[in-house]
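Report on the following structure.
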Amino acid sequence: MLGPIFARELVTVPRRRGHHAARAAVAGLLGILGITTWQATIGFSRDATLGETASFGLLLFQIVVFVQLLLTLFFAALSAAGAVSQEKDRRTFVLLLLTDMRDYEIVLGKLLGALLPITIQLLVTAPVLAMLLLLGGIDPEQVVQAVLVLAAAAIASGSLGGLIALWRDKTYQAIALSVLFLVLYICLTQAIGVVGPLIAGGINWSIVQAWCDPFVALVTVLEPPAAGWNGIAPGYGFAIVMLGWCALLNGIGIWKLRQWNPSGEPIMQREAPDTAETDESVELEKRARAHAAPGEVRAVWPNPVLWREIRTLAYGRRPLLVKFAFGLVLALILYFAVSELNRAGGRPAFAAAYGLVPVAVLSLLLVSAQAVTSITSERDGGTLDILLVTDISPNEFVFGKILAVMYNTKEYLLPPLLLAIFYACRGALTRTAPDVTPVAAFASNFGPLLAVLGALIVLLAFAIMLGLHVSLRVANSRLAIAHTLGTIFFLSIGTLITTYLIVINGGRFENQWLSFIAFLILGIGGLLYVLSADRPSGALTAASAFCPLAMFYCVVTILIAKPGTEESAEPLLPFIALGTAFGFAISAMLVPLVSEFDVALGRTTLMAEE
């Protein structure tokens with residue numbers, strides 16, 4: 001019924017390498033979350049009462065569903081967008097349009113085929129949520145509503161990613177716009193609760209927001225009223241709205257499929273000359289004109305890779321569309337962050353994190369996406385191998401790509417740095433009184449500002465280098481993109497989960513160190529697999545161990561350096577730890593590309609050289 005594309009995905013997904021390992025990893029992550037939450041709330045030194053067990057079951061249920069929702073929203077959009085974009089880069093999507101498949105078979109087959117791994121992860125999570133009923137504190141209907149919200153969010157997010165990939169030609173634009181539109185939708189639904197009452201006061205805008213926002217819908221599932229809901233529960237209403245969005249997005253994709261694809265100017269065949277020229281010089285001149293590109297001759301820079309990435313449409317037409325979407329999302333995030341900074345009841349602790357964390361994570365994702373697609377687009381288009389057999393040196397290729405990524409993503413690199421300077425002028429990086437002058441606040445925050453700026457620069461450089469490293473080593477473009485963006489995402493989410501677990505335990509780290517060791521082992525193993533699974537090296541192995549440890553050290557130092565207070569330690573030591581670990585990782589990825597280019601790309605081996 002859904003066509004041969006979905007039938008093929010249904011058969012081939014269980015055969016892929018890492019399929020069973022991914023399912024086991026999800027179950028292991030849920031187990032580690034359970035043990036960590038138990039240690040943070042009750043501990044193993046005594047027996048828990050029935051009330052404590054019920055509270056633990058509810059808390060673990062909350063953590064699991066929210067973590068699962070974050071993963072589902074991100075990877076569903078990424079998977080659907082990548083499935084279509086890879087076909088376009090390989091020039092095979094046009095071949096699908098030449099078959100006798102109907103438009104809905106192409107659109108829905110690609111969407112549902114890309115969501116099959118996400119569906120499997122949800123099926124793995126559902127029994128775990130059901131087993132939490134044995135602990136008490138939650139109702140069976142809450143489990144049903146939570147699973148329904150997760151499934152509806154996955155389908156809607158995947159539909160958004162698939163529609164954008166059908167619309168845009170380049171992989172980077174599809175991935176970047178999918179992430180930005182997803183964040184923009186969340187920001188707009190969060191604004192419903194604030195703007196709605198100002199427009200019309202007779203409507204229950206909290207219910208409207210719950211019907212549209214997946215996070216608010218989960219909150220209503222976890223905290224239902226004691227008397228029950230009047231009418232349809234918001235969890236079911238959210239599923240209905242998401243199904244409507246899916247029908248609308250996929251309907252537009254089916255309607256516009258053959259208008260958007262193929263795009264661009266048609267390739268015109270040059271006419272052959274009417275008469276043959278006998279003069280050899282005239283023949284050579286005519287042949288040169290025939291093979292010359294139309295338009296004005298442009299001078300190429302000494303580094304042709306850098307020239308091509310900057311001076312041509314290497315990443316698709318209308319690149320300002322992505323930057324405009326990022327600017328809109330950035331404005332909404334900054335409005336919320338400044339509102340928290342100027343809260344009437346007083347500035348919250350770690351107020352700078354309200355703006356720096358989401359902006360930095362979004363910048364890291366966009367920068368790494370640009371870096372990884374700068375190689376995968378070349379490979380899928382069949383131009384990477386041609387580029388590597390030219391007389392371009394490794395330095396020209398590697399540093400041309402790095403500088404081009406930095407230039408093309410300057411709009412994403414600068415906002416977190418400028419935002420850190422703004423927080424320093426407001427005195428938000430330390431416990432500075434809010435009524436001091438900006439000059440005095442900046443002077444007192446100058447040391448922390450240097451540490452924050454240095455940490456942001458190192459992390460952004462790591463994101464660029466990670467994208468190039470993974471895309472040059474992994475031949476499968478979808479896998480390279482998933483490994484790169486997944487690494488940045490899990491580093492960010494893992495850090496936030498660790499921070500949350502420390503906060504809910506009041507900063508008492510000694511009750512959780514066993515679980516945090518398990519988190520570190522899981523993070524080190526995942527990073528080691530991404531960096532050097534196929535061709536391991538000592539430097540990459542050491543970098544895989546240093547980076548998660550440095551991130552964990554920074555979190556612990558900032559949160560519990562001075563127990564009983566809201567003050568953290570001096571920023572110099574966390575910055576040194578973070579800069580050393582990630583700087584070493586950058587060197588471990590960069591040096592082989594420059595000094596041993598062929599070996600780093602896997603195009604030769606030591607035995608072949610001997």
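Starting from 1 in every chain, residues are counted up; chains themselves are A, B, ... following the order of the structure tokens, and ligands are numbered from 1 as listed.
Residue neighbourhood of Ala550 (chain A), excluding near-sequence residues (fewer than 2 positions): A:Phe546, A:Cys547, A:Pro548, A:Phe552, A:Tyr553, A:Cys554, A:Ala577, A:Leu578, A:Ala581, at 7 Å, using only C-alpha atoms.
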Contacts between region 113-136 of chain A and region 30-78 of chain A, please, where a residue of region 30-78 of chain A counts if it comes within 9 Å (with only C-alpha atoms); show its shortest atom pair and distance in Å to one decimal, rows by chain and ascending number, as a Markdown table.
```
| residue | atom | partner | partner_atom | distance |
| --- | --- | --- | --- | --- |
| A:Leu30 | CA | A:Val128 | CA | 8.1 |
| A:Leu50 | CA | A:Gly136 | CA | 8.3 |
| A:Gly51 | CA | A:Gly136 | CA | 8.6 |
| A:Thr53 | CA | A:Leu135 | CA | 5.9 |
| A:Ala54 | CA | A:Gly136 | CA | 4.5 |
| A:Ser55 | CA | A:Gly136 | CA | 7.9 |
| A:Phe56 | CA | A:Leu135 | CA | 7.8 |
| A:Gly57 | CA | A:Leu135 | CA | 5.5 |
| A:Leu58 | CA | A:Gly136 | CA | 7.6 |
| A:Leu60 | CA | A:Leu132 | CA | 8.2 |
| A:Phe61 | CA | A:Leu129 | CA | 6.7 |
| A:Val64 | CA | A:Leu129 | CA | 8.1 |
| A:Val65 | CA | A:Leu129 | CA | 8.4 |
| A:Gln68 | CA | A:Leu122 | CA | 8.2 |
| A:Thr72 | CA | A:Ile118 | CA | 6.8 |
| A:Phe75 | CA | A:Ile118 | CA | 7.6 |
| A:Ala76 | CA | A:Leu115 | CA | 6.3 |
```
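Take CA of Cys212 (chain A) and CA of Thr189 (chain A): the distance between them is 6.5 Å.
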Legend entry - Residue neighbourhood Val338 (chain A), 10 Å, only C-alpha atoms, exclusion window fewer than 2 positions, as a ChimeraX atom specification: /A:333-336,340-343,351-352,354-355,423
Go ahead and save the picked residues with N, CA and C atoms, as a CSV table (one decimal), in the first residue's frame.
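The result, stored in result39.csv:
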```csv
chain,number,residue,atom,x,y,z
A,333,ILE,N,14.9,33.4,21.6
A,333,ILE,CA,15.7,32.9,22.7
A,333,ILE,C,16.2,34.1,23.6
A,334,LEU,N,16.7,35.1,22.9
A,334,LEU,CA,17.2,36.2,23.7
A,334,LEU,C,16.1,37.0,24.4
A,335,TYR,N,15.0,37.1,23.9
A,335,TYR,CA,13.9,37.7,24.6
A,335,TYR,C,13.5,37.0,25.9
A,336,PHE,N,13.5,35.7,25.8
A,336,PHE,CA,13.2,34.9,27.0
A,336,PHE,C,14.4,35.0,28.0
A,340,GLU,N,14.3,36.7,31.8
A,340,GLU,CA,14.8,36.0,33.1
A,340,GLU,C,15.8,36.9,33.8
A,341,LEU,N,16.6,37.6,33.0
A,341,LEU,CA,17.7,38.4,33.6
A,341,LEU,C,17.1,39.6,34.4
A,342,ASN,N,15.9,40.1,33.9
A,342,ASN,CA,15.3,41.3,34.5
A,342,ASN,C,14.0,40.9,35.2
A,343,ARG,N,14.0,39.7,35.7
A,343,ARG,CA,12.8,39.2,36.5
A,343,ARG,C,12.6,40.1,37.7
A,351,ALA,N,22.0,32.8,35.9
A,351,ALA,CA,21.1,33.4,34.9
A,351,ALA,C,21.7,33.4,33.5
A,352,ALA,N,23.0,33.4,33.4
A,352,ALA,CA,23.6,33.4,32.1
A,352,ALA,C,23.3,32.1,31.3
A,354,TYR,N,20.6,30.7,30.9
A,354,TYR,CA,19.3,30.7,30.2
A,354,TYR,C,19.4,31.1,28.7
A,355,GLY,N,20.4,31.9,28.5
A,355,GLY,CA,20.7,32.3,27.1
A,355,GLY,C,21.8,31.7,26.4
A,423,TYR,N,26.4,39.4,28.9
A,423,TYR,CA,26.2,38.9,30.2
A,423,TYR,C,27.3,39.4,31.2
```
Inset, instruction - Identify which of the residues A:Glu309, A:Glu396, A:Glu570, A:Asp47 lies closest to Leu429 (chain A), counting only C-alpha atoms when measuring atom-to-atom distances. - result: A:Glu570
Inset, instruction - Please identify all polymer residues within 12 Å of Ser595 (chain A), counting only C-alpha atoms, omitting same-chain residues fewer than 6 positions from it, and present them as number ranges by chain. - result: A: 393-395, 398, 587-589, 601
Mind running region 357-399 of chain A against region 84-96 of chain A at 10 Å and telling me each contacting residue's nearest atom pair with the distance in Å (one decimal), counting only C-alpha atoms, chain and number ascending, as a Markdown table?
```
| residue | atom | partner | partner_atom | distance |
| --- | --- | --- | --- | --- |
| A:Thr376 | CA | A:Asp89 | CA | 8.6 |
| A:Ser377 | CA | A:Asp89 | CA | 6.1 |
| A:Glu378 | CA | A:Asp89 | CA | 8.4 |
| A:Arg379 | CA | A:Arg90 | CA | 8.5 |
| A:Asp380 | CA | A:Arg90 | CA | 4.8 |
| A:Gly381 | CA | A:Arg90 | CA | 5.5 |
| A:Gly382 | CA | A:Arg90 | CA | 7.8 |
```
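You will find CA of Gly447 (chain A) at 14.3 Å from CA of Phe422 (chain A).
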With only C-alpha atoms as the counted atoms, please give the residues lying no more than 12 Å from Gly251 (chain A), apart from itself and same-chain residues fewer than 6 positions off, as an mmCIF file with C-alpha atoms, in the first residue's frame.
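The resulting around-v6.cif:
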```
data_model
loop_
_atom_site.group_PDB
_atom_site.id
_atom_site.type_symbol
_atom_site.label_atom_id
_atom_site.label_comp_id
_atom_site.auth_asym_id
_atom_site.auth_seq_id
_atom_site.Cartn_x
_atom_site.Cartn_y
_atom_site.Cartn_z
ATOM 1 C CA ASP A 103 3.767 10.763 -5.558
ATOM 2 C CA TYR A 104 2.377 9.647 -2.189
ATOM 3 C CA VAL A 107 6.841 10.967 -0.010
ATOM 4 C CA LEU A 108 5.258 8.631 2.552
ATOM 5 C CA SER A 159 7.070 15.232 8.390
ATOM 6 C CA LEU A 160 8.643 18.653 8.890
ATOM 7 C CA GLY A 162 10.881 15.473 5.028
ATOM 8 C CA LEU A 163 8.980 18.475 3.637
ATOM 9 C CA LEU A 243 -1.886 14.195 12.994
ATOM 10 C CA GLY A 244 -3.450 17.262 11.385
ATOM 11 C CA TRP A 245 0.014 18.813 10.963
ATOM 12 C CA LEU A 257 6.899 17.041 -5.293
#
```
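For Ile207 (chain A), the residues within 10 Å (counting only C-alpha atoms, excluding itself and residues fewer than 3 positions away along the chain) are Gly193, Ile203, Asn204, Ala210, Trp211, Cys212, Asp213, Val216, Ala217, Thr220, Ala233, Pro234, Gly237 and Phe238 of chain A.
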Could the residues in this selection be written to a file with all heavy atoms, as a tab-separated table (two decimals), in the first residue's frame?
```
chain	number	residue	atom	x	y	z
A	193	GLY	N	1.14	30.86	25.71
A	193	GLY	CA	0.68	31.12	27.07
A	193	GLY	C	0.85	32.55	27.52
A	193	GLY	O	0.19	33.00	28.46
A	203	ILE	N	-10.56	32.44	26.56
A	203	ILE	CA	-10.11	31.13	26.08
A	203	ILE	C	-9.08	30.58	27.06
A	203	ILE	O	-8.23	31.32	27.57
A	203	ILE	CB	-9.50	31.25	24.67
A	203	ILE	CG1	-10.52	31.82	23.70
A	203	ILE	CG2	-9.00	29.89	24.18
A	203	ILE	CD1	-9.97	32.07	22.31
A	204	ASN	N	-9.17	29.31	27.32
A	204	ASN	CA	-8.18	28.64	28.18
A	204	ASN	C	-6.93	28.38	27.35
A	204	ASN	O	-6.76	27.33	26.73
A	204	ASN	CB	-8.76	27.34	28.73
A	204	ASN	CG	-7.88	26.75	29.83
A	204	ASN	OD1	-6.73	27.18	30.02
A	204	ASN	ND2	-8.40	25.78	30.55
A	210	ALA	N	-1.10	23.31	25.37
A	210	ALA	CA	-0.83	21.88	25.57
A	210	ALA	C	-1.19	21.06	24.33
A	210	ALA	O	-0.58	20.02	24.07
A	210	ALA	CB	-1.62	21.37	26.77
A	211	TRP	N	-2.17	21.52	23.55
A	211	TRP	CA	-2.55	20.82	22.33
A	211	TRP	C	-1.51	21.01	21.22
A	211	TRP	O	-1.50	20.24	20.25
A	211	TRP	CB	-3.91	21.31	21.84
A	211	TRP	CG	-5.07	20.69	22.54
A	211	TRP	CD1	-5.24	20.55	23.89
A	211	TRP	CD2	-6.24	20.11	21.94
A	211	TRP	NE1	-6.43	19.93	24.17
A	211	TRP	CE2	-7.06	19.65	22.99
A	211	TRP	CE3	-6.67	19.95	20.63
A	211	TRP	CZ2	-8.29	19.03	22.76
A	211	TRP	CZ3	-7.90	19.34	20.40
A	211	TRP	CH2	-8.69	18.89	21.45
A	212	CYS	N	-0.63	22.01	21.35
A	212	CYS	CA	0.32	22.31	20.29
A	212	CYS	C	1.77	22.03	20.69
A	212	CYS	O	2.58	21.71	19.82
A	212	CYS	CB	0.21	23.78	19.88
A	212	CYS	SG	-1.42	24.26	19.26
A	213	ASP	N	2.11	22.18	21.95
A	213	ASP	CA	3.49	22.06	22.42
A	213	ASP	C	3.73	20.67	23.00
A	213	ASP	O	3.03	20.26	23.93
A	213	ASP	CB	3.78	23.13	23.48
A	213	ASP	CG	5.25	23.25	23.79
A	213	ASP	OD1	5.94	22.22	23.88
A	213	ASP	OD2	5.74	24.39	23.94
A	216	VAL	N	4.73	20.88	26.86
A	216	VAL	CA	3.58	21.22	27.72
A	216	VAL	C	2.60	20.06	27.75
A	216	VAL	O	1.98	19.78	28.81
A	216	VAL	CB	2.91	22.51	27.22
A	216	VAL	CG1	1.70	22.85	28.07
A	216	VAL	CG2	3.90	23.66	27.24
A	217	ALA	N	2.41	19.37	26.63
A	217	ALA	CA	1.53	18.21	26.62
A	217	ALA	C	2.02	17.13	27.57
A	217	ALA	O	1.23	16.50	28.30
A	217	ALA	CB	1.41	17.65	25.20
A	220	THR	N	1.17	18.09	31.17
A	220	THR	CA	-0.22	17.79	31.52
A	220	THR	C	-0.43	16.30	31.73
A	220	THR	O	-1.27	15.89	32.53
A	220	THR	CB	-1.16	18.29	30.43
A	220	THR	OG1	-0.86	17.63	29.18
A	220	THR	CG2	-1.02	19.79	30.24
A	233	ALA	N	-8.51	14.81	27.15
A	233	ALA	CA	-7.24	15.11	27.82
A	233	ALA	C	-6.28	15.77	26.83
A	233	ALA	O	-6.29	15.45	25.63
A	233	ALA	CB	-6.63	13.82	28.38
A	234	PRO	N	-5.45	16.71	27.30
A	234	PRO	CA	-4.53	17.39	26.38
A	234	PRO	C	-3.59	16.44	25.65
A	234	PRO	O	-3.15	16.75	24.53
A	234	PRO	CB	-3.76	18.34	27.31
A	234	PRO	CG	-4.68	18.59	28.45
A	234	PRO	CD	-5.42	17.30	28.65
A	237	GLY	N	-5.49	15.41	22.73
A	237	GLY	CA	-5.65	16.57	21.85
A	237	GLY	C	-4.37	16.88	21.09
A	237	GLY	O	-4.40	17.25	19.91
A	238	PHE	N	-3.24	16.74	21.78
A	238	PHE	CA	-1.96	16.96	21.09
A	238	PHE	C	-1.77	15.97	19.96
A	238	PHE	O	-1.30	16.34	18.87
A	238	PHE	CB	-0.82	16.84	22.10
A	238	PHE	CG	0.55	16.88	21.49
A	238	PHE	CD1	1.13	18.09	21.12
A	238	PHE	CD2	1.27	15.71	21.26
A	238	PHE	CE1	2.39	18.13	20.54
A	238	PHE	CE2	2.53	15.75	20.69
A	238	PHE	CZ	3.09	16.96	20.32
```
Extract, using only C-alpha atoms, all DNA, RNA and protein residues at most 6 Å from Ala80 (chain A), discarding same-chain residues fewer than 2 positions from it, and format them as a PDB file with all heavy atoms, in the first residue's frame.
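Ended up saving to out.pdb:
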```pdb
ATOM      1  N   ALA A  77      13.417  14.453  12.859  1.00  0.00           N
ATOM      2  CA  ALA A  77      13.605  15.461  11.811  1.00  0.00           C
ATOM      3  C   ALA A  77      14.892  15.227  11.041  1.00  0.00           C
ATOM      4  O   ALA A  77      14.936  15.352   9.809  1.00  0.00           O
ATOM      5  CB  ALA A  77      13.608  16.859  12.443  1.00  0.00           C
ATOM      6  N   LEU A  78      15.966  14.868  11.751  1.00  0.00           N
ATOM      7  CA  LEU A  78      17.255  14.629  11.097  1.00  0.00           C
ATOM      8  C   LEU A  78      17.196  13.429  10.162  1.00  0.00           C
ATOM      9  O   LEU A  78      17.707  13.467   9.043  1.00  0.00           O
ATOM     10  CB  LEU A  78      18.327  14.424  12.158  1.00  0.00           C
ATOM     11  CG  LEU A  78      19.745  14.125  11.668  1.00  0.00           C
ATOM     12  CD1 LEU A  78      20.304  15.305  10.903  1.00  0.00           C
ATOM     13  CD2 LEU A  78      20.643  13.765  12.845  1.00  0.00           C
ATOM     14  N   GLY A  82      17.576  13.723   6.147  1.00  0.00           N
ATOM     15  CA  GLY A  82      18.736  13.065   5.550  1.00  0.00           C
ATOM     16  C   GLY A  82      18.369  12.014   4.522  1.00  0.00           C
ATOM     17  O   GLY A  82      19.104  11.807   3.540  1.00  0.00           O
ATOM     18  N   ALA A  83      17.251  11.329   4.724  1.00  0.00           N
ATOM     19  CA  ALA A  83      16.849  10.281   3.779  1.00  0.00           C
ATOM     20  C   ALA A  83      16.576  10.849   2.395  1.00  0.00           C
ATOM     21  O   ALA A  83      16.935  10.249   1.374  1.00  0.00           O
ATOM     22  CB  ALA A  83      15.617   9.552   4.308  1.00  0.00           C
ATOM     23  N   LEU A 111       9.350   8.995   4.249  1.00  0.00           N
ATOM     24  CA  LEU A 111       9.105   9.437   5.614  1.00  0.00           C
ATOM     25  C   LEU A 111       9.017   8.258   6.581  1.00  0.00           C
ATOM     26  O   LEU A 111       9.747   8.194   7.581  1.00  0.00           O
ATOM     27  CB  LEU A 111       7.814  10.260   5.664  1.00  0.00           C
ATOM     28  CG  LEU A 111       7.292  10.599   7.062  1.00  0.00           C
ATOM     29  CD1 LEU A 111       8.263  11.501   7.799  1.00  0.00           C
ATOM     30  CD2 LEU A 111       5.901  11.230   6.985  1.00  0.00           C
ATOM     31  N   ALA A 114      12.239   6.318   6.993  1.00  0.00           N
ATOM     32  CA  ALA A 114      13.222   6.996   7.836  1.00  0.00           C
ATOM     33  C   ALA A 114      12.839   6.934   9.308  1.00  0.00           C
ATOM     34  O   ALA A 114      13.715   6.974  10.186  1.00  0.00           O
ATOM     35  CB  ALA A 114      13.366   8.447   7.392  1.00  0.00           C
ATOM     36  N   GLY A 158       9.256  14.326  11.896  1.00  0.00           N
ATOM     37  CA  GLY A 158       9.725  13.712  10.662  1.00  0.00           C
ATOM     38  C   GLY A 158       9.058  14.297   9.432  1.00  0.00           C
ATOM     39  O   GLY A 158       9.701  14.481   8.389  1.00  0.00           O
ATOM     40  N   GLY A 161      10.832  17.591   8.688  1.00  0.00           N
ATOM     41  CA  GLY A 161      12.126  17.375   8.058  1.00  0.00           C
ATOM     42  C   GLY A 161      12.014  16.880   6.631  1.00  0.00           C
ATOM     43  O   GLY A 161      12.765  17.314   5.742  1.00  0.00           O
ATOM     44  N   GLY A 162      11.064  15.980   6.382  1.00  0.00           N
ATOM     45  CA  GLY A 162      10.881  15.473   5.028  1.00  0.00           C
ATOM     46  C   GLY A 162      10.398  16.545   4.062  1.00  0.00           C
ATOM     47  O   GLY A 162      10.852  16.614   2.911  1.00  0.00           O
TER      48      GLY A 162
END
```
Legend entry - Residue list (helix (DSSP H, G or I), DSSP) for region 430-560 of chain A, as an MDAnalysis selection string: chainID A and resid 438:444 446:473 477:504 509:511 513:532 538:560
So that I have them on file, write out the residues from the current selection with C-alpha atoms, as a CSV table (one decimal), in the first residue's frame.
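The resulting file, out36.csv, is shown below:
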```
chain,number,residue,atom,x,y,z
A,438,PRO,CA,28.0,48.1,33.1
A,439,VAL,CA,31.7,49.2,33.3
A,440,ALA,CA,32.1,48.0,36.9
A,441,ALA,CA,30.2,44.8,36.1
A,442,PHE,CA,32.4,44.1,33.1
A,443,ALA,CA,35.5,44.7,35.2
A,444,SER,CA,34.4,42.2,37.9
A,446,PHE,CA,36.5,40.1,33.0
A,447,GLY,CA,38.2,36.9,34.2
A,448,PRO,CA,35.1,34.6,33.9
A,449,LEU,CA,34.4,36.2,30.5
A,450,LEU,CA,37.8,35.2,29.2
A,451,ALA,CA,37.2,31.7,30.4
A,452,VAL,CA,33.7,31.5,28.8
A,453,LEU,CA,34.9,32.9,25.5
A,454,GLY,CA,37.9,30.5,25.4
A,455,ALA,CA,35.6,27.5,26.2
A,456,LEU,CA,33.1,28.5,23.5
A,457,ILE,CA,35.9,29.0,20.9
A,458,VAL,CA,37.4,25.6,21.7
A,459,LEU,CA,34.0,23.8,21.5
A,460,LEU,CA,33.1,25.5,18.2
A,461,ALA,CA,36.5,24.5,16.8
A,462,PHE,CA,35.9,21.0,18.0
A,463,ALA,CA,32.5,20.9,16.2
A,464,ILE,CA,34.1,22.0,12.9
A,465,MET,CA,36.9,19.5,13.2
A,466,LEU,CA,34.6,16.7,14.2
A,467,GLY,CA,32.4,17.2,11.1
A,468,LEU,CA,35.4,17.0,8.8
A,469,HIS,CA,37.0,14.1,10.6
A,470,VAL,CA,33.9,11.9,10.6
A,471,SER,CA,32.7,12.7,7.1
A,472,LEU,CA,36.2,11.9,5.6
A,473,ARG,CA,36.3,8.5,7.5
A,477,SER,CA,26.7,10.2,4.2
A,478,ARG,CA,23.6,9.6,6.4
A,479,LEU,CA,25.7,7.8,8.9
A,480,ALA,CA,28.4,10.5,8.9
A,481,ILE,CA,25.8,13.2,9.5
A,482,ALA,CA,24.1,11.2,12.2
A,483,HIS,CA,27.4,10.5,14.0
A,484,THR,CA,28.5,14.1,13.9
A,485,LEU,CA,25.2,15.8,15.0
A,486,GLY,CA,24.5,12.9,17.4
A,487,THR,CA,27.8,13.4,19.1
A,488,ILE,CA,27.2,17.2,19.6
A,489,PHE,CA,23.6,16.5,20.7
A,490,PHE,CA,24.5,13.8,23.2
A,491,LEU,CA,27.4,15.8,24.7
A,492,SER,CA,24.9,18.7,25.3
A,493,ILE,CA,22.1,16.5,26.6
A,494,GLY,CA,24.4,14.4,28.7
A,495,THR,CA,25.8,17.5,30.3
A,496,LEU,CA,22.3,18.9,31.0
A,497,ILE,CA,21.1,15.5,32.5
A,498,THR,CA,24.2,15.4,34.7
A,499,THR,CA,23.5,19.0,35.8
A,500,TYR,CA,19.9,18.2,36.6
A,501,LEU,CA,20.7,15.1,38.6
A,502,ILE,CA,23.2,17.1,40.7
A,503,VAL,CA,20.7,19.9,41.3
A,504,ILE,CA,17.8,17.6,42.4
A,509,PHE,CA,27.7,14.3,44.6
A,510,GLU,CA,28.9,11.5,46.9
A,511,ASN,CA,25.6,9.6,46.6
A,513,TRP,CA,29.4,8.8,41.8
A,514,LEU,CA,28.8,5.1,40.8
A,515,SER,CA,26.1,6.2,38.4
A,516,PHE,CA,28.2,9.0,37.0
A,517,ILE,CA,31.0,6.6,36.4
A,518,ALA,CA,28.5,4.6,34.3
A,519,PHE,CA,27.5,7.8,32.4
A,520,LEU,CA,31.2,8.5,31.7
A,521,ILE,CA,31.9,5.0,30.5
A,522,LEU,CA,28.9,5.2,28.1
A,523,GLY,CA,30.0,8.7,26.9
A,524,ILE,CA,33.6,7.6,26.4
A,525,GLY,CA,32.6,4.5,24.5
A,526,GLY,CA,30.3,6.4,22.2
A,527,LEU,CA,32.9,9.1,21.5
A,528,LEU,CA,35.5,6.4,20.9
A,529,TYR,CA,33.2,4.7,18.4
A,530,VAL,CA,32.6,7.9,16.5
A,531,LEU,CA,36.2,9.1,16.4
A,532,SER,CA,38.1,5.9,15.7
A,538,GLY,CA,46.2,6.1,20.5
A,539,ALA,CA,45.7,9.8,20.3
A,540,LEU,CA,42.0,9.5,19.3
A,541,THR,CA,41.5,6.9,22.1
A,542,ALA,CA,43.0,9.3,24.6
A,543,ALA,CA,40.9,12.2,23.3
A,544,SER,CA,37.7,10.1,23.6
A,545,ALA,CA,38.5,9.6,27.3
A,546,PHE,CA,39.6,13.1,28.1
A,547,CYS,CA,36.6,15.0,26.6
A,548,PRO,CA,33.8,13.5,28.6
A,549,LEU,CA,35.9,13.7,31.8
A,550,ALA,CA,36.6,17.4,31.1
A,551,MET,CA,32.9,18.2,30.6
A,552,PHE,CA,32.0,16.3,33.8
A,553,TYR,CA,34.7,18.1,35.7
A,554,CYS,CA,33.4,21.5,34.6
A,555,VAL,CA,29.9,20.7,35.6
A,556,VAL,CA,30.9,19.5,39.0
A,557,THR,CA,33.2,22.4,39.6
A,558,ILE,CA,30.6,25.0,38.6
A,559,LEU,CA,27.7,23.4,40.6
A,560,ILE,CA,29.2,22.1,43.8
```
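With only C-alpha atoms as the atoms that count, the residue of A:Phe324, A:Trp205, A:Phe350, A:Phe584 with the shortest distance to Leu184 (chain A) is A:Phe324.
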Legend entry - From A:Tyr236, A:Tyr412, A:Leu166, A:Ile421, residue lying nearest Gln259 (chain A) [only C-alpha atoms]: A:Leu166
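CA of Ala585 (chain A) to CA of Trp307 (chain A) spans 27.8 Å [interatomic distance, one decimal].
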